[in-house]
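Chemist: Please find one structure pasted underneath; my questions will follow.
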Amino acid sequence: MSGSRRHDPALVFIIGWLAMLLLTGLSIGSAFLGLGLCAPVIQFGIAATQAAILFVLFMRLKGPPSLKWVFAGSGFFWLLFLFGLSMTDYATRRGWPAAG
Amino acid sequence: MSSDVLRPEIQYATLAQQGDTAQLGMWVFLATETLFFGALLFAYFIYRMSYPHEFAEAAKDAVLWCGSVNIGLLITSSLTMVLAINAAADGRRRALVFWLCATAFLGICFLGVKVWEYRLDYVDHVVPAVNFIVKPGAGSAGELFWVFYFVATGLHAVHLTIGIGLVLYMLLWRVRRGEITPLYYAPLEVVGLYWSFVDTVWLFLFPAIYLAGRS
Amino acid sequence: MSSIAVDPPRNYASEENTIASWLLTRDHKRIALMFFASITAFFFIGGAAATLIRLHLATPAGLLQPSVYNRVFTMHGVVMVWFFLIPSIPATLGNFFVPMMIGAHDLAFPRINLASWYVFNLSGLVLLYALVMGGVDTGWTFYTPLSTIYANGYVFAAAMAVFINGFSTIMTALNFVVTIHRLRAPGMLWTRLPLFVWGIYSVSVVMLLATPVLAMDTLLLAVEQFLQVGLFDPSHGGDPLLWQHMFWFYSHPAVYIMILPAMGVVSELIACYARRPIFGYSGMTIAMMAIAVISFFVWAHHMFVAGISIYAAVVFSLMTFFVAVPSAIKVFNWTASLHKGSISFDAPMIYALGFVLLFTIGGLTGLMLATLAVDVDVHDTYFVIAHFHYIMVGGTVSAFFGGLHYWWPKMTGRLYPEMLARFAAFLTFVGFNLTFFPQFILGYLGMPRRYYTYPPEWQVWNVLSSAGASILAVGYLLPLFYLGWSLIWGRHASPNPWRATGLEWLTSSPPPTHNFERTPVVAIGPYSYDPEDGSYTTQDGVRHV
């Protein structure tokens, strides 16, 4: 990289780090609250938020070139097709998902 | 490449183009890794939705403190990696070396905890095909949870080990020969991207493995 | 067409000729030739298996033991899919010409390119190990729980070979995507890219998004096969269909991986030999990207009778109808490109025209298979086999041979014997149709695939098919001889013997190591052929009469 690229000061990353640790704590806590099916939704949502902090901030997605966003997002986006279209089979089977 | 005359390879017009392209290449690779681990999580998702009780029962034996310590170690290691890259951009060589050592150290600690945890798993008889004993309520599908556990954490550990190797390569080879300078530190950024991605994988494996069936 | 010329004194092939200079090369052109060698070897292995199959099926009694027959057709499929068809055009013609066609000096990551070749050969060695030790009898689709629990043979080794092969695919695809994004010469806009480059770009996107899922699927297969842990075993709660979903999520896009580069080649050939621009350039590029994307939405049409829910079958059937549309658009546009053209029937053009017809037949029969009611009858019969061979052999292999002949003068600096080449092309067309058209009939009559025998009343069709195969084999072997002959005794080629418009034709034949002395500046789009006065304008803007 040429030296003219500026980077965020360390403090920004330390705040991001603390935020991720805090979110981890919330995630662990949510597991013990008896939330049933909501629990994994919350927990994976927290994981996705932490991943977003990592990607956008730590892995500098917000910097140039903006083409990175397409590559970074395409993997996750494509998984939607794997999950979603498979659901046309699984979700229409009788007795699926099994009673939680 | 000596540090006095750092030229881009023949197919690049400038070093900046070379560095940017290297980063893009790593992002493309990370997209494939997303699909690789995503496919594993897909299989996990299908089986967990098919056998929610059995998975919850089986997951109770996952060692939560190991998983939690490990996620803390990895999140911190992403911070130290970014601080190393910042140091490279600023030309602060001693800070660069320090933060890279810290990153590798945190990764090695992760592996240490993982080995300890595998030992605990062995004692608990949850290793499929080796000494697996079906726990009451877990049913035969409970073993599927543990197959997923070992495949997922094993693959992750392999990726982490490669990451530690890359960090050490940076330290002992590129940094030592003065090839990481404020003028061109793209190789370090590329390693950093890979490292943070391995961290991301763990962020998703953690709730899948350690937070099921806790209540 | 060509003037007497001599090989440039220093070109990419002659520059340095030690073994190390080839095995450690970073030159995309040398790596392309090395890939040529590898895939040709595998083409022979897969072809030998095909020969055994057709010899065996010429009579109901057959030649081989049933268990051996199973291993032969499995090996034919595995070798041809992963070790020939998928790498064929991208790793050879793509590697050689993508950098040249965009005006670059090399790919973005030359060392990764070389590594891809080594990984490919490593995966080939693992497969050969499985083959030599006795092979696999599950069919190339490795369905569980047959492959994991009940199969005899070296499933683990074969699965590992496919797993490792995937890394080679991903490395090559990654290189192409990044190169096409970042290393285009000044003036080489996306809308000026030759359609071959668009074909390689779209195929690379598919490779990158599909292959990792196969990697995970084969890994889980290997885990279950090795440890017998019951991941896909119903008696342990496993779902065999889950394995198939993940397998076909890759393997359906894989068939588009096999056809997209071929489509790119055909566009180059038709434009050049009809002396006309391709009709509907943007339609062609959008169609290729649409094929790439929609190909991911159709996978369960391979599972219509496997036990998926009927609602899923309806959704996937509908999606499969959609994916045919962009392919049809391309066929219309190729045909329209011929209109009022000045057509010459050089060997590459014969292959290209053959492609258009055979791909169309294959594609139309695909629509028949997409229709649920029809598929219930012809699934797992020779109808399916004929369908995909029309596309992969009639389509992809024809395009591969067409592109090989078209670019042969550029790669080697030699001209091949034209009359012999036209004869070989014609022979493959006749042999191909005689081999595979009877198989449509056999499938319709009900002959199942992967069966080592059949009722005697179907023998006539099988004999016709085997006879055709022998003709096809001659047609494919002839180029080996005359192309090899041309390397030593062929006439020297000028830089642009076909009077084509791409940037690759601006260089000498063979090209220098770094392709261009100075990075070219692109002025216009591809295919500036004028059929009226026979002039053409290369992409640097220079008009030639």
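By order in the structure tokens, chains are A, B, ...; within a chain, residues start at 1; ligands start at 1, following the order shown.
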With a distance threshold of 8 Å and counting only C-alpha atoms, extract the residues of chain C near chain A and express them as a PyMOL selection string.

Modeler: chain C and resi 209+245+249+296-297+308-313+315

Chemist: Output as a ChimeraX atom specification the set of chain A residues within 7 Å of chain B, with distances taken over only C-alpha atoms.

Modeler: /A:1-3,7,10,13,17,21,28,31-34,43-44,47,51,54,58-59,68,71-72,74-76,79,83,96-98,100

Chemist: Residues of chain C within 6 Å of chain B, counting only C-alpha atoms, what are they? List them as a JSON list (two decimals) with C-alpha atoms, in the first residue's frame.

Modeler:
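Result file follows (part_34.json):
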```
[["chain", "number", "residue", "atom", "x", "y", "z"],
["C", 105, "HIS", "CA", 1.59, -9.06, -19.27],
["C", 106, "ASP", "CA", 0.50, -11.96, -17.09],
["C", 208, "LEU", "CA", -15.63, -19.85, -6.80],
["C", 212, "PRO", "CA", -16.36, -24.93, -1.73],
["C", 213, "VAL", "CA", -19.70, -26.62, -1.12],
["C", 216, "MET", "CA", -17.30, -29.72, 2.29],
["C", 227, "LEU", "CA", -15.03, -43.39, 10.54],
["C", 236, "HIS", "CA", -28.17, -43.14, 12.65],
["C", 237, "GLY", "CA", -30.56, -40.35, 11.82]]
```

Chemist: What's around stretch 515-517 of chain C at 8 Å? Count only C-alpha atoms, leave out sequence neighbours fewer than 4 positions away in its own chain, and write the answer as number ranges by chain.

Modeler: C: 100, 103-106, 507, 511

Chemist: Have a look at C:Met263, C:Met288, C:Ala300, C:Ala37 and name the one nearest to C:Met246; count only C-alpha atoms.

Modeler: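 Smallest distance to C:Met246 is found for C:Ala300.
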
Chemist: Which residues in stretch 82-129 of chain B does DSSP call helix (DSSP H, G or I)? List them as a VMD selection string.

Modeler: chain B and resid 82 to 90 93 to 123

Chemist: Got time to write the residues from that selection, N, CA and C atoms, as a compact mmCIF listing (two decimals), in the first residue's frame?

Modeler:
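Output contents, as saved in out.txt:
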```txt
# COMPACT_ATOMS: atom_id res chain seq x y z
N VAL B 82 -4.58 -6.06 13.94
CA VAL B 82 -4.83 -4.73 13.36
C VAL B 82 -3.83 -3.72 13.87
N LEU B 83 -3.47 -3.83 15.15
CA LEU B 83 -2.46 -2.91 15.70
C LEU B 83 -1.10 -3.14 15.03
N ALA B 84 -0.83 -4.40 14.69
CA ALA B 84 0.42 -4.69 13.97
C ALA B 84 0.40 -4.02 12.60
N ILE B 85 -0.72 -4.10 11.90
CA ILE B 85 -0.80 -3.48 10.58
C ILE B 85 -0.67 -1.97 10.69
N ASN B 86 -1.31 -1.39 11.70
CA ASN B 86 -1.15 0.05 11.90
C ASN B 86 0.30 0.42 12.12
N ALA B 87 0.99 -0.42 12.92
CA ALA B 87 2.40 -0.15 13.18
C ALA B 87 3.22 -0.23 11.91
N ALA B 88 2.90 -1.19 11.04
CA ALA B 88 3.62 -1.29 9.77
C ALA B 88 3.38 -0.06 8.91
N ALA B 89 2.14 0.41 8.91
CA ALA B 89 1.81 1.60 8.10
C ALA B 89 2.56 2.83 8.60
N ASP B 90 2.79 2.87 9.93
CA ASP B 90 3.48 4.02 10.51
C ASP B 90 4.98 3.85 10.54
N ARG B 93 8.66 -0.23 13.76
CA ARG B 93 9.04 -1.62 13.57
C ARG B 93 8.94 -2.42 14.85
N ARG B 94 9.32 -1.82 15.98
CA ARG B 94 9.30 -2.62 17.22
C ARG B 94 7.87 -2.93 17.61
N ALA B 95 6.98 -1.94 17.42
CA ALA B 95 5.58 -2.20 17.73
C ALA B 95 5.03 -3.28 16.81
N LEU B 96 5.43 -3.22 15.53
CA LEU B 96 4.99 -4.24 14.57
C LEU B 96 5.37 -5.63 15.05
N VAL B 97 6.63 -5.80 15.43
CA VAL B 97 7.10 -7.11 15.88
C VAL B 97 6.33 -7.54 17.14
N PHE B 98 6.15 -6.57 18.06
CA PHE B 98 5.47 -6.90 19.32
C PHE B 98 4.05 -7.39 19.06
N TRP B 99 3.30 -6.63 18.24
CA TRP B 99 1.90 -7.01 18.05
C TRP B 99 1.77 -8.30 17.25
N LEU B 100 2.71 -8.54 16.31
CA LEU B 100 2.67 -9.81 15.59
C LEU B 100 2.95 -10.98 16.53
N CYS B 101 3.93 -10.81 17.41
CA CYS B 101 4.21 -11.86 18.40
C CYS B 101 2.98 -12.10 19.27
N ALA B 102 2.32 -11.01 19.67
CA ALA B 102 1.13 -11.15 20.51
C ALA B 102 0.05 -11.94 19.77
N THR B 103 -0.12 -11.64 18.48
CA THR B 103 -1.14 -12.35 17.69
C THR B 103 -0.84 -13.84 17.64
N ALA B 104 0.40 -14.16 17.30
CA ALA B 104 0.77 -15.57 17.23
C ALA B 104 0.60 -16.24 18.58
N PHE B 105 0.98 -15.52 19.64
CA PHE B 105 0.87 -16.07 20.99
C PHE B 105 -0.58 -16.38 21.34
N LEU B 106 -1.47 -15.44 21.04
CA LEU B 106 -2.88 -15.66 21.34
C LEU B 106 -3.41 -16.86 20.55
N GLY B 107 -2.96 -16.97 19.29
CA GLY B 107 -3.38 -18.12 18.49
C GLY B 107 -2.91 -19.43 19.10
N ILE B 108 -1.68 -19.44 19.57
CA ILE B 108 -1.15 -20.66 20.18
C ILE B 108 -1.89 -20.98 21.46
N CYS B 109 -2.24 -19.95 22.23
CA CYS B 109 -3.03 -20.19 23.44
C CYS B 109 -4.36 -20.84 23.08
N PHE B 110 -4.99 -20.34 22.02
CA PHE B 110 -6.25 -20.92 21.55
C PHE B 110 -6.08 -22.42 21.31
N LEU B 111 -5.02 -22.76 20.58
CA LEU B 111 -4.79 -24.16 20.26
C LEU B 111 -4.56 -24.97 21.54
N GLY B 112 -3.86 -24.35 22.49
CA GLY B 112 -3.63 -25.04 23.76
C GLY B 112 -4.93 -25.36 24.48
N VAL B 113 -5.80 -24.35 24.54
CA VAL B 113 -7.10 -24.57 25.19
C VAL B 113 -7.87 -25.65 24.44
N LYS B 114 -7.78 -25.62 23.12
CA LYS B 114 -8.50 -26.59 22.28
C LYS B 114 -8.01 -28.00 22.56
N VAL B 115 -6.71 -28.18 22.68
CA VAL B 115 -6.16 -29.51 22.97
C VAL B 115 -6.67 -29.99 24.32
N TRP B 116 -6.65 -29.07 25.32
CA TRP B 116 -7.17 -29.41 26.63
C TRP B 116 -8.63 -29.83 26.54
N GLU B 117 -9.37 -29.07 25.75
CA GLU B 117 -10.79 -29.36 25.61
C GLU B 117 -11.02 -30.71 24.94
N TYR B 118 -10.21 -31.04 23.93
CA TYR B 118 -10.34 -32.35 23.29
C TYR B 118 -10.09 -33.46 24.29
N ARG B 119 -9.15 -33.21 25.22
CA ARG B 119 -8.87 -34.20 26.24
C ARG B 119 -10.10 -34.39 27.14
N LEU B 120 -10.70 -33.27 27.52
CA LEU B 120 -11.91 -33.36 28.33
C LEU B 120 -13.02 -34.10 27.58
N ASP B 121 -13.13 -33.84 26.27
CA ASP B 121 -14.13 -34.52 25.45
C ASP B 121 -13.88 -36.02 25.45
N TYR B 122 -12.62 -36.38 25.37
CA TYR B 122 -12.29 -37.80 25.36
C TYR B 122 -12.72 -38.46 26.67
N VAL B 123 -12.43 -37.77 27.77
CA VAL B 123 -12.80 -38.30 29.08
C VAL B 123 -14.32 -38.42 29.21
```

Chemist: Quick one: distance from atom CA of C:Gly484 to atom CA of C:Ala49 in Å, one decimal?

Modeler: 23.9 Å

Chemist: Using only C-alpha atoms, which residues sit within 10 Å of C:Ile31 once same-chain residues fewer than 2 positions away are excluded, as an NGL selection string?

Modeler: :C and (22-29 or 33-37 or 91-92 or 95-96 or 110 or 113-117)

Chemist: Find the spatial neighbours of C:Pro87, counting only C-alpha atoms, within a cut-off of 10 Å - ignore same-chain residues fewer than 6 positions away - and output them as JSON, numbers by chain.

Modeler: {"C": [35, 36, 38, 39, 80, 81, 93, 94, 120, 165, 168, 169, 172, 257, 258]}

Chemist: Can you spit out the residues from that selection as an mmCIF file, in the first residue's frame, using N, CA and C atoms?

Modeler:
```
data_model
loop_
_atom_site.group_PDB
_atom_site.id
_atom_site.type_symbol
_atom_site.label_atom_id
_atom_site.label_comp_id
_atom_site.auth_asym_id
_atom_site.auth_seq_id
_atom_site.Cartn_x
_atom_site.Cartn_y
_atom_site.Cartn_z
ATOM 1 N N PHE C 35 -0.718 -27.449 -18.515
ATOM 2 C CA PHE C 35 -2.076 -27.938 -18.274
ATOM 3 C C PHE C 35 -2.567 -28.760 -19.462
ATOM 4 N N PHE C 36 -2.220 -28.307 -20.685
ATOM 5 C CA PHE C 36 -2.595 -29.075 -21.870
ATOM 6 C C PHE C 36 -2.138 -30.510 -21.754
ATOM 7 N N SER C 38 -1.377 -32.219 -19.075
ATOM 8 C CA SER C 38 -2.073 -32.964 -18.021
ATOM 9 C C SER C 38 -3.466 -33.379 -18.467
ATOM 10 N N ILE C 39 -4.235 -32.424 -19.000
ATOM 11 C CA ILE C 39 -5.609 -32.795 -19.325
ATOM 12 C C ILE C 39 -5.678 -33.745 -20.510
ATOM 13 N N MET C 80 -13.476 -37.689 -16.613
ATOM 14 C CA MET C 80 -13.905 -36.735 -17.629
ATOM 15 C C MET C 80 -14.443 -35.446 -17.004
ATOM 16 N N VAL C 81 -15.186 -35.542 -15.911
ATOM 17 C CA VAL C 81 -15.761 -34.328 -15.323
ATOM 18 C C VAL C 81 -14.679 -33.459 -14.695
ATOM 19 N N LEU C 93 -6.683 -22.814 -22.732
ATOM 20 C CA LEU C 93 -6.904 -21.626 -23.562
ATOM 21 C C LEU C 93 -7.122 -20.376 -22.708
ATOM 22 N N GLY C 94 -7.792 -20.528 -21.585
ATOM 23 C CA GLY C 94 -8.011 -19.373 -20.709
ATOM 24 C C GLY C 94 -6.706 -18.839 -20.167
ATOM 25 N N PHE C 120 -3.358 -29.682 -9.201
ATOM 26 C CA PHE C 120 -4.144 -30.484 -10.139
ATOM 27 C C PHE C 120 -3.488 -31.846 -10.350
ATOM 28 N N ASN C 165 -8.630 -31.606 -6.049
ATOM 29 C CA ASN C 165 -8.852 -31.008 -7.364
ATOM 30 C C ASN C 165 -9.583 -29.677 -7.242
ATOM 31 N N SER C 168 -7.387 -26.637 -6.925
ATOM 32 C CA SER C 168 -6.838 -26.196 -8.199
ATOM 33 C C SER C 168 -7.847 -25.333 -8.934
ATOM 34 N N THR C 169 -9.093 -25.791 -8.972
ATOM 35 C CA THR C 169 -10.147 -25.019 -9.636
ATOM 36 C C THR C 169 -10.273 -23.636 -9.017
ATOM 37 N N THR C 172 -7.335 -21.235 -9.842
ATOM 38 C CA THR C 172 -7.402 -20.720 -11.210
ATOM 39 C C THR C 172 -8.511 -19.680 -11.344
ATOM 40 N N ILE C 257 -20.163 -24.768 -15.570
ATOM 41 C CA ILE C 257 -18.724 -24.508 -15.613
ATOM 42 C C ILE C 257 -18.154 -25.124 -16.886
ATOM 43 N N MET C 258 -18.710 -26.273 -17.267
ATOM 44 C CA MET C 258 -18.168 -26.950 -18.434
ATOM 45 C C MET C 258 -18.611 -26.298 -19.743
#
```

Chemist: Which residue is closest to A:Leu26? Choose from A:Trp69, A:Leu61, A:Ile14, A:Ile46 and count only C-alpha atoms.

Modeler: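 Under the stated criterion, the closest residue is A:Ile46.
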
Chemist: Which is closest to B:Lys60 among B:Ile180, B:Ile133, B:Val126, B:Leu74, if we use only C-alpha atoms?

Modeler: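 The closest residue to B:Lys60 is B:Val126.
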